[in-house]
Protein chains: 4
Amino acid sequence: MNMEPFDLVIANGQIVTAADTYTADIGVRGEKIACIGRGLRGRRTIDASGCLVIPGAVDVHVHLQMPLGDITSSDDWRSGTMAAAHGGTTSIVDFVDPLPGQPPLQALEERLAEAEGQACIDYGLHMVLSDVSGKTLAQLSRMIDVGIPTFKLFMAYEGKCLTDDQLYLALREIARLGALALIHAENYPIIRLFVRELLAEGKTEPRWHPRSRPAIMEGEATGRLIALAEMAGAHACIAHISCAAVVCQIRAARARGLPIYGETCPQYLVLTQDVYERPDFEGARYVCSPPLRAEEDQAALWKALADGTLQVISTDHCPWWWQDKERGRGDFSRIPGGVPGIETRLSLTYHFGVRAGRLTPQQWVNLCCTRPAELFGLPGKGKIQVGADADIVIFDPERVMPLTAERLHSQVDYSIYEDITVRGWPRATISRGRVLVEDGRFIGLVGHGRFIRRRLV
Amino acid sequence: MNMEPFDLVIANGQIVTAADTYTADIGVRGEKIACIGRGLRGRRTIDASGCLVIPGAVDVHVHLQMPLGDITSSDDWRSGTMAAAHGGTTSIVDFVDPLPGQPPLQALEERLAEAEGQACIDYGLHMVLSDVSGKTLAQLSRMIDVGIPTFKLFMAYEGKCLTDDQLYLALREIARLGALALIHAENYPIIRLFVRELLAEGKTEPRWHPRSRPAIMEGEATGRLIALAEMAGAHACIAHISCAAVVCQIRAARARGLPIYGETCPQYLVLTQDVYERPDFEGARYVCSPPLRAEEDQAALWKALADGTLQVISTDHCPWWWQDKERGRGDFSRIPGGVPGIETRLSLTYHFGVRAGRLTPQQWVNLCCTRPAELFGLPGKGKIQVGADADIVIFDPERVMPLTAERLHSQVDYSIYEDITVRGWPRATISRGRVLVEDGRFIGLVGHGRFIRRRLV
Amino acid sequence: MNMEPFDLVIANGQIVTAADTYTADIGVRGEKIACIGRGLRGRRTIDASGCLVIPGAVDVHVHLQMPLGDITSSDDWRSGTMAAAHGGTTSIVDFVDPLPGQPPLQALEERLAEAEGQACIDYGLHMVLSDVSGKTLAQLSRMIDVGIPTFKLFMAYEGKCLTDDQLYLALREIARLGALALIHAENYPIIRLFVRELLAEGKTEPRWHPRSRPAIMEGEATGRLIALAEMAGAHACIAHISCAAVVCQIRAARARGLPIYGETCPQYLVLTQDVYERPDFEGARYVCSPPLRAEEDQAALWKALADGTLQVISTDHCPWWWQDKERGRGDFSRIPGGVPGIETRLSLTYHFGVRAGRLTPQQWVNLCCTRPAELFGLPGKGKIQVGADADIVIFDPERVMPLTAERLHSQVDYSIYEDITVRGWPRATISRGRVLVEDGRFIGLVGHGRFIRRRLV
Amino acid sequence: MNMEPFDLVIANGQIVTAADTYTADIGVRGEKIACIGRGLRGRRTIDASGCLVIPGAVDVHVHLQMPLGDITSSDDWRSGTMAAAHGGTTSIVDFVDPLPGQPPLQALEERLAEAEGQACIDYGLHMVLSDVSGKTLAQLSRMIDVGIPTFKLFMAYEGKCLTDDQLYLALREIARLGALALIHAENYPIIRLFVRELLAEGKTEPRWHPRSRPAIMEGEATGRLIALAEMAGAHACIAHISCAAVVCQIRAARARGLPIYGETCPQYLVLTQDVYERPDFEGARYVCSPPLRAEEDQAALWKALADGTLQVISTDHCPWWWQDKERGRGDFSRIPGGVPGIETRLSLTYHFGVRAGRLTPQQWVNLCCTRPAELFGLPGKGKIQVGADADIVIFDPERVMPLTAERLHSQVDYSIYEDITVRGWPRATISRGRVLVEDGRFIGLVGHGRFIRRRLV
């Protein structure tokens with residue numbers, strides 16, 4: 001046993017894991033949790049009395065610096081990961097999305113180059129599969145080798161949307177490799193039609209956005225995907241679930257023993273489609289896909305998180321400058337889709353989940369940290385455990401925080417939670433043994449973040 | 001930090017928790033896990049290389065030394081807990097069952113006196129509620145205070161069976177106190193009728209036992225109990241679930257957000273009702289209630305364990321000497337109901353669950369150790385965690401063990417798994433820092449076991 | 001072909017059957033429909049132009065002159081059947097309910113003696129089974145022989161409520177004989193308990209009545225009955241269904257191929273439990289069991305009628321003088337349960353069903369006339385068909401009728417539909433070729449009604 | 001009243017309608033049922049003693065003289081309608097399928113010209129919608145005016161398969177017009193893929209046909225269609241349902257109150273996919289789409305007919321000469337799809353439905369005659385009723401008939417029921433008062449059949 005003091009000790013906190021809550025000290029050596037015990041001695045000790053000590057949160061669905069035509073999502077690798085750190089997130093998984101005809105590995109290299117030296121926290125990448133030619137599918141195995149074992153399949157968006165046979169081919173190869181599919185489940189032909197018709201009728205305001213993407217068709221797409229995945233034998237996770245119709249499909253599939261998983265996001269748990277009715281184009285803030293839904297949908301999502309039907313809460317963080325959102329004045333379909341959220345997930349789900357009695361603290365940690373890391377294959381992440389990365393959040397359950405743009409750190413000029421003040425906010429965020437944020441100040445290093453070579457699970 | 005060597009170190013094993021699998025050493029001081037780290041130094045070190053290191057298993061449903069008329073279940077506190085230790089179980093929850101008119105606390109004292117000095121592992125007690133008079137219900141709070149926060153309600157058995165209004169009254173008080181109900185869900189009037197009719201028709205062999213207790217009525221009773229619990233606002237766990245009909249009821253209840261839980265046992269997962277057809281009264285061995293069921297029921301139970309519909313695997317261990325079973329020759333209803341199983345749970349579920357690909361190692365630990373301890377309020381049990389009791393099993397995944405009566409340690413003259421050889425068996429069982437069993441030899445102290453003051457959860 | 005003119009011709013009406021709507025004349029000879037054709041010549045001809053011509057309605061659930069302690073339901077055979085005729089009902093099925101120890105046949109004779117010379121329309125009888133001794137069950141076959149092939153089983157009410165084993169025994173004998181069980185499905189022990197507790201808390205007003213009989217337990221009782229009937233192999237019809245919970249149970253049973261049927265009543269389709277909140281004890285009017293429920297329950301009932309899950313609309317007509325209802329002042333449980341309705345069924349279901357687009361005219365006829373007659377074995381009833389009894393209603397779809405006590409003919413001093421005015425009311429009611437009611441005047445003979453020897457189906 | 005004898009009297013038979021069974025004579029004048037009575041006098045009288053007298057059967061799904069590339073389905077209007085008459089079918093609905101770019105009305109005229117002078121029984125036409133341009137949709141109203149109120153939409157087949165947005169556009173227009181959609185629900189992209197892959201693997205025999213069109217994707221397509229129809233507000237009938245997966249989808253939709261209907265065919269009720277395994281290419285006989293399925297699917301279909309989930313039994317009659325089937329040697333996908341069945345429906349469903357206790361006689365008549373006529377808007381068809389067309393079948397329940405090609409009248413050189421002998425066969429078939437077939441001999445006129453101008457319902 002190494003008798004030297006630990007590099008860092010987090011002392012006296014209440015450690016919350018996916019399975020339990022207990023009091024102990026955590027001793028960190030280098031980048032790892034070296035020891036969990038009591039009375040540990042460190043070169044530096046943070047007293048976490050009165051706080052929850054939880055795994056650094058894992059957000060498996062973000063879009064930093066994402067190009068969309070001639071604009072780019074407003075958070076770059078630097079600002080986005082810094083905001084994440086403020087909110088207690090220490091790992092993200094973003095996307096690499098090859099251009100048409102671009103070799104996946106080259107796209108990956110470019111994407112990695114962007115992040116290099118900029119990311120404040122660790123990051124993985126999913127690969128978007130918008131081409132399922134034999135040539136592309138033949139490279140999946142290579143992508144897995146380099147640390148990308150999860151593949152995003154779209155059932156919406158021009159240029160990304162796969163047909164059913166393409167989905168099946170992709171799912172079958174994913175199944176063969178033991179990888180995981182992440183699915184955007186909507187019905188694109190219907191959306192395209194509805195958008196065209198609404199616009200033709202002069203219905204151009206943001207309030208028409210949810211009407212162009214009905215919940216019933218999100219349920220339909222999920223049912224279709226499940227049928228395809230069942231035939232293919234594939235594991236699949238339905239992304240950013242917004243409504244009860246999808247919950248029903250997943251619950252039924254899981255009861256039949258199928259390896260189908262589900263992810264939802266705070267915006268679907270906390271907001272409803274009423275916001276699209278706000279005057280003065282304000283509804284544009286909230287435009288994301290699938291759209292926000294009704295109160296019944298919210299209730300169904302919370303129940304599905306509690307009974308194990310859904311496994312993951314992530315953010316689908318994809319902020320746009322207000323001036324970019326304004327491109328959609330006169331055509332809601334041109335409002336770039338996506339909302340900021342990378343910083344607020346842990347606190348929103350603590351406040352509206354744990355504090356409101358909808359989730360236990362263990363479920364909260366499981367849904368925001370442990371299960372995402374496990375399901376998406378992030379080694380050493382999402383858990384307070386000897387040998388794991390020393391990614392740790394000291395979460396003050398009583399700290400009050402208004403979720404205004406001013407107080408938040410995402411590089412975007414509005415918040416979708418302006419009116420909400422949460423109780424519960426990180427006091428410190430630690431990544432691989434380095435304190436990144438303490439008492440609201442970022443004290444980490446830009447560029448500290450590393451690429452996570454994820455594994456098959 | 002205490003620089004002394006630990007009293008015991010379990011080194012180099014693969015620790016499996018409900019949430020993860022990792023490699024580390026466990027340092028024990030006194031009765032507790034003091035530290036999880038690497039390279040720990042102990043006065044004694046057990047090298048667990050190649051083994052799984054899991055929490056001591058928790059069996060929340062056993063019947064030791066249980067009187068039934070003039071006979072008694074064959075395992076006493078000594079033999080039963082010793083057998084449990086051999087199989088990797090370090091905590092059990094048995095029952096205190098007041099005689100008619102007996103004050104519950106007095107019954108508890110008597111039951112504790114029996115166990116005192118005999119139990120080799122720690123033990124809690126549920127209280128059987130066969131009387132729901134105001135006087136009795138007024139004492140539930142006191143029972144909780146002394147460490148009994150879970151109450152068994154019977155929907156079967158003469159003298160124990162509660163009527164629906166009695167069930168409701170009990171559930172309502174249990175809800176008010178924040179306690180948990182454990183339910184034997186069958187339809188007693190129907191069973192009584194069927195037994196009488198079968199016997200009157202001369203159908204007296206064990207093969208008639210399952211026909212007297214139809215799966216459809218176990219489903220019915222569960223549906224009824226869920227309705228009562230919903231009205232009462234009570235948390236309830238359905239015990240020893242045997243069939244798909246019950247799984248359906250529980251899944252539907254949970255999807256509606258109700259706090260309904262379910263327990264099943266290895267016998268229902270591994271055997272089917274075909275065994276009752278065996279000649280020469282051999283079927284009597286397997287007589288338990290609910291009875292063993294069909295293959296479809298088995299499949300439904302495994303799926304329900306995997307998708308989170310059921311939370312607990314316990315044993316309902318209740319062995320009877322063969323000579324006592326033989327009392328039921330000529331009248332299957334007089335065969336004392338119950339099967340031995342206290343030693344074989346962990347290995348059977350590893351072999352037929354994990355090895356067969358039906359459960360992950362984490363699910364196995366969760367179902368046999370962590371969730372039972374959590375749901376039934378056993379502090380410090382069911383987890384590998386600093387501050388927790390040093391109840392640890394070093395489980396050799398390759399050790400082969402035939403489950404014959406000869407090789408097992410329960411005090412009973414037959415096994416219900418004679419033909420089964422499992423791969424996966426404990427190499428050592430440790431309770432509060434004391435090695436109880438090592439390489440198949442019991443080296444613990446009789447009387448080591450203590451009463452567990454359980455808590456509300 | 002008999003060239004004589006018909007005794008009666010109903011000409012030019014639009015005949016509505018369970019299967020279709022068409023225009024033709026109906027020729028009656030004696031008591032039967034002799035001919036359906038065009039241009040028929042009769043000694044008397046009624047021009048039904050502009051009217052629907054439908055089968056005399058069949059109400060398989062009424063309680064005339066029903067004793068309850070020292071009072072009796074307010075409609076006797078004379079007044080009740082006269083009111084029925086006004087509303088277009090030409091057949092009823094009431095109950096024979098043997099006193100404890102009384103031989104069923106004797107009870108039947110007494111009941112028939114009451115009706116003899118009083119009934120204005122034809123009547124059958126169900127037999128109430130509140131005793132399931134072998135002696136009683138042995139007489140079921142004899143009851144069937146004399147025209148009583150349907151047996152009422154109660155899961156509520158002191159003295160009538162059967163235990164689960166008794167229910168099963170009755171169902172099994174009913175199955176053996178090919179008869180039909182009619183079930184009052186509630187959970188009596190729970191109701192008894194809730195009533196006692198509410199009264200003990202001083203909650204004595206009618207508004208507490210629905211709280212004493214929760215919908216969830218009506219669903220529970222139905223689930224239990226279905227399980228028992230499935231084991232017994234019995235055909236069963238759940239009576240007076242009030243709520244969605246029961247609909248779900250029946251739909252699931254039928255999807256599994258079980259011969260389970262359901263009946264509801266206009267009060268459950270048209271009123272909600274809000275009426276119990278009315279001041280000045282007015283809620284007492286609406287006290288019936290099961291009680292009126294919520295709007296969601298109404299919607300579920302209408303859907304279940306339309307999709308074939310429920311087969312029968314009857315009335316459960318059981319009126320009480322207001323002075324008798326007043327016995328329940330200070331104790332809602334002493335309010336005699338039951339509401340008047342024998343006259344208003346056809347019109348209420350036309351107005352709120354057909355006119356509101358919830359039912360087709362064919363479904364309306366099927367639910368009020370044809371299916372009840374078929375399911376409950378009334379030969380020659382419920383259909384416009386050659387050889388069938390000439391029980392015919394000429395229904396004016398445009399006739400407006402306020403459903404006030406003053407305008408209705410039941411012998412009771414209030415209406416439960418005071419505020420409702422329906423469009424659609426019988427212009428004439430014909431029973432076995434005799435015009436009983438024409439343009440609101442009763443012109444039939446008291447005593448015209450005969451006992452219907454019903455048949456197994 | 002016309003005192004002249006009727007042109008034809010069918011005397012003494014047992015009339016079976018959708019609602020009841022009774023004994024009466026039917027008097028026919030000209031083409032209509034003029035009178036139902038007793039002792040009717042006719043210029044010609046057929047004694048139907050001992051027989052069931054039912055409405056001429058209505059087959060709403062046949063393909064006569066259907067071109068497929070350079071071949072044509074083997075029954076022309078003459079032979080097909082003659083075979084139908086032999087089997088008791090007096091109305092069919094076939095299809096008009098405009099060529100690409102062809103105006104629908106022109107296509108209709110050509111199709112009518114084919115039938116003119118050839119059809120032995122009455123015939124309607126559905127219109128196939130394989131083009132949903134605004135121009136085509138604008139003509140739906142005109143098609144309805146000329147008697148075509150039902151539109152076939154394909155989710156399979158090259159050149160016919162509509163995309164989801166096209167389906168929606170068609171359904172919305174159909175909803176707006178109050179018409180009915182008839183749906184071929186399979187997932188074409190998947191089928192196309194599977195066919196290609198199987199062939200590429202050298203799997204060319206008929207046994208691969210069912211593997212190329214999985215039941216799970218028939219269920220998927222149905223779920224998708226229901227979602228689209230729900231959004232569109234359309235009434236839709238799923239055609240030729242082969243499996244349990246579809247039944248589940250329809251049952252759930254109907255329970256939610258949606259106007260979704262279902263049709264199945266005798267081949268799915270009587271045969272299973274085992275036939276595709278027959279040696280020597282014999283499996284080719286049974287190639288139809290969707291393919292025959294498993295026994296569990298059969299059982300689910302029978303239950304769905306009995307509980308009202310499915311409304312229609314038709315045939316999808318589409319026979320091919322054996323030499324045409326043989327084109328698919330070496331490539332199962334080139335086997336022309338379709339089986340003969342126009343003559344055997346009534347008897348197969350009587351034998352395997354009524355005689356086997358799965359359907360009542362009324363349900364049989366309803367499913368084969370009344371409901372199809374009602375749902376698809378055939379005025380005057382499918383019922384024994386004054387004013388209705390005198391389309392009548394005298395069905396001898398005891399007549400034995402082996403279903404060999406030799407004994408049957410379809411113009412095709414094999415039968416798919418060679419091994420089956422039914423008990424129950426028509427003794428006479430009458431269409432609009434003309435006896436077409438009597439005792440197995442066709443005595444009608446070729447060209448007697450007329451186009452049925454169907455109506456919106």
# chains A, B, ... in the order shown; residues from 1 in each chain; ligands from 1
$ interface_residues --of "chain B" --to "chain C" --cutoff "7 Å" --atoms "only C-alpha atoms" --output "count of residues only"
11
$ select_by_dssp --residues "stretch 9-103 of chain C" --states "alpha helix (DSSP H)" --output "list in words"
Trp77, Arg78, Ser79, Gly80, Thr81, Met82, Ala83, Ala84, Ala85, His86 and Gly87 of chain C
$ write_last_selection --atoms "C-alpha atoms" --output "PDB file, in the first residue's frame"
ATOM      1  CA  TRP C  77     -95.774  -4.987 -12.137  1.00  0.00           C
ATOM      2  CA  ARG C  78     -98.580  -2.826 -13.418  1.00  0.00           C
ATOM      3  CA  SER C  79     -97.014   0.607 -13.222  1.00  0.00           C
ATOM      4  CA  GLY C  80     -93.556  -0.540 -14.167  1.00  0.00           C
ATOM      5  CA  THR C  81     -94.570  -2.427 -17.258  1.00  0.00           C
ATOM      6  CA  MET C  82     -96.874   0.399 -18.291  1.00  0.00           C
ATOM      7  CA  ALA C  83     -93.984   2.854 -18.045  1.00  0.00           C
ATOM      8  CA  ALA C  84     -91.820   0.434 -19.980  1.00  0.00           C
ATOM      9  CA  ALA C  85     -94.422   0.302 -22.749  1.00  0.00           C
ATOM     10  CA  HIS C  86     -94.507   4.091 -22.936  1.00  0.00           C
ATOM     11  CA  GLY C  87     -90.796   4.070 -23.518  1.00  0.00           C
TER      12      GLY C  87
END
$ residues_around --residues "A:Arg423" --least-positions-apart "4" --cutoff "10 Å" --atoms "only C-alpha atoms" --output "number ranges by chain"
A: 347-348, 350-352, 355, 396-402
$ residues_around --residues "stretch 411-413 of chain A" --least-positions-apart "6" --cutoff "9 Å" --atoms "only C-alpha atoms" --output "ChimeraX atom specification"
/A:74-76,79-80,83,319-322,340,405
$ residues_around --residues "C:Phe151" --least-positions-apart "5" --cutoff "7 Å" --atoms "only C-alpha atoms" --output "VMD selection string"
chain C and resid 126 to 129 180 to 182
$ write_last_selection --atoms "N, CA and C atoms" --output "CSV table (one decimal), in the first residue's frame"
chain,number,residue,atom,x,y,z
C,126,HIS,N,-84.8,-13.8,-14.1
C,126,HIS,CA,-83.6,-14.5,-13.7
C,126,HIS,C,-83.8,-15.1,-12.4
C,127,MET,N,-83.0,-16.0,-12.1
C,127,MET,CA,-83.0,-16.5,-10.7
C,127,MET,C,-81.8,-16.0,-10.0
C,128,VAL,N,-82.0,-15.5,-8.8
C,128,VAL,CA,-80.9,-15.1,-7.9
C,128,VAL,C,-80.3,-16.3,-7.2
C,129,LEU,N,-79.0,-16.5,-7.3
C,129,LEU,CA,-78.4,-17.6,-6.6
C,129,LEU,C,-77.7,-17.0,-5.4
C,180,LEU,N,-76.2,-19.1,-18.5
C,180,LEU,CA,-75.4,-17.9,-18.4
C,180,LEU,C,-75.5,-17.3,-17.0
C,181,ALA,N,-74.4,-16.8,-16.6
C,181,ALA,CA,-74.3,-16.1,-15.3
C,181,ALA,C,-74.4,-14.6,-15.5
C,182,LEU,N,-75.2,-13.9,-14.7
C,182,LEU,CA,-75.2,-12.5,-14.7
C,182,LEU,C,-74.6,-12.0,-13.4
$ select_by_dssp --residues "stretch 257-293 of chain A" --states "strand (DSSP E or B)" --output "list of chain:residue names"
A:Ile260, A:Tyr261, A:Gly262, A:Glu263, A:Thr264
$ write_last_selection --atoms "N, CA and C atoms" --output "PDB file, in the first residue's frame"
ATOM      1  N   ILE A 260     -33.944  -2.985 -26.255  1.00  0.00           N
ATOM      2  CA  ILE A 260     -34.284  -1.637 -26.715  1.00  0.00           C
ATOM      3  C   ILE A 260     -34.189  -0.698 -25.512  1.00  0.00           C
ATOM      4  N   TYR A 261     -33.534   0.426 -25.720  1.00  0.00           N
ATOM      5  CA  TYR A 261     -33.293   1.386 -24.653  1.00  0.00           C
ATOM      6  C   TYR A 261     -33.850   2.740 -25.048  1.00  0.00           C
ATOM      7  N   GLY A 262     -33.924   3.632 -24.061  1.00  0.00           N
ATOM      8  CA  GLY A 262     -34.469   4.948 -24.376  1.00  0.00           C
ATOM      9  C   GLY A 262     -33.783   6.073 -23.621  1.00  0.00           C
ATOM     10  N   GLU A 263     -33.647   7.183 -24.299  1.00  0.00           N
ATOM     11  CA  GLU A 263     -33.043   8.399 -23.749  1.00  0.00           C
ATOM     12  C   GLU A 263     -34.058   9.535 -23.802  1.00  0.00           C
ATOM     13  N   THR A 264     -34.131  10.322 -22.751  1.00  0.00           N
ATOM     14  CA  THR A 264     -34.894  11.560 -22.854  1.00  0.00           C
ATOM     15  C   THR A 264     -34.015  12.706 -22.371  1.00  0.00           C
TER      16      THR A 264
END
$ closest_residue --among "A:Leu271, A:Ala24, A:Ile33, A:Ala294" --to "B:Gln385" --atoms "only C-alpha atoms"
A:Ala24
$ closest_residue --among "A:Ile10, A:Cys161, A:Val146, A:Ala119" --to "A:Val132" --atoms "only C-alpha atoms"
A:Cys161
$ residues_around --residues "D:Arg454" --least-positions-apart "3" --cutoff "6 Å" --atoms "only C-alpha atoms" --output "list in words"
Gly147, Ile148, Gly377 and Leu378 of chain D
$ atom_distance --atom1 "atom CA of B:Ile92" --atom2 "atom CA of B:Phe451"
9.8 Å
$ closest_residue --among "C:Leu456, C:Met143, C:Val93, C:Leu359" --to "C:Gly178" --atoms "only C-alpha atoms"
C:Leu456
$ closest_residue --among "A:Ile342, A:Ala284, A:Ile443, A:Leu367" --to "A:Leu310" --atoms "only C-alpha atoms"
A:Leu367
$ residues_around --residues "C:Ile46" --least-positions-apart "6" --cutoff "9 Å" --atoms "only C-alpha atoms" --output "JSON, numbers by chain"
{"C": [8, 9, 10, 11, 12]}
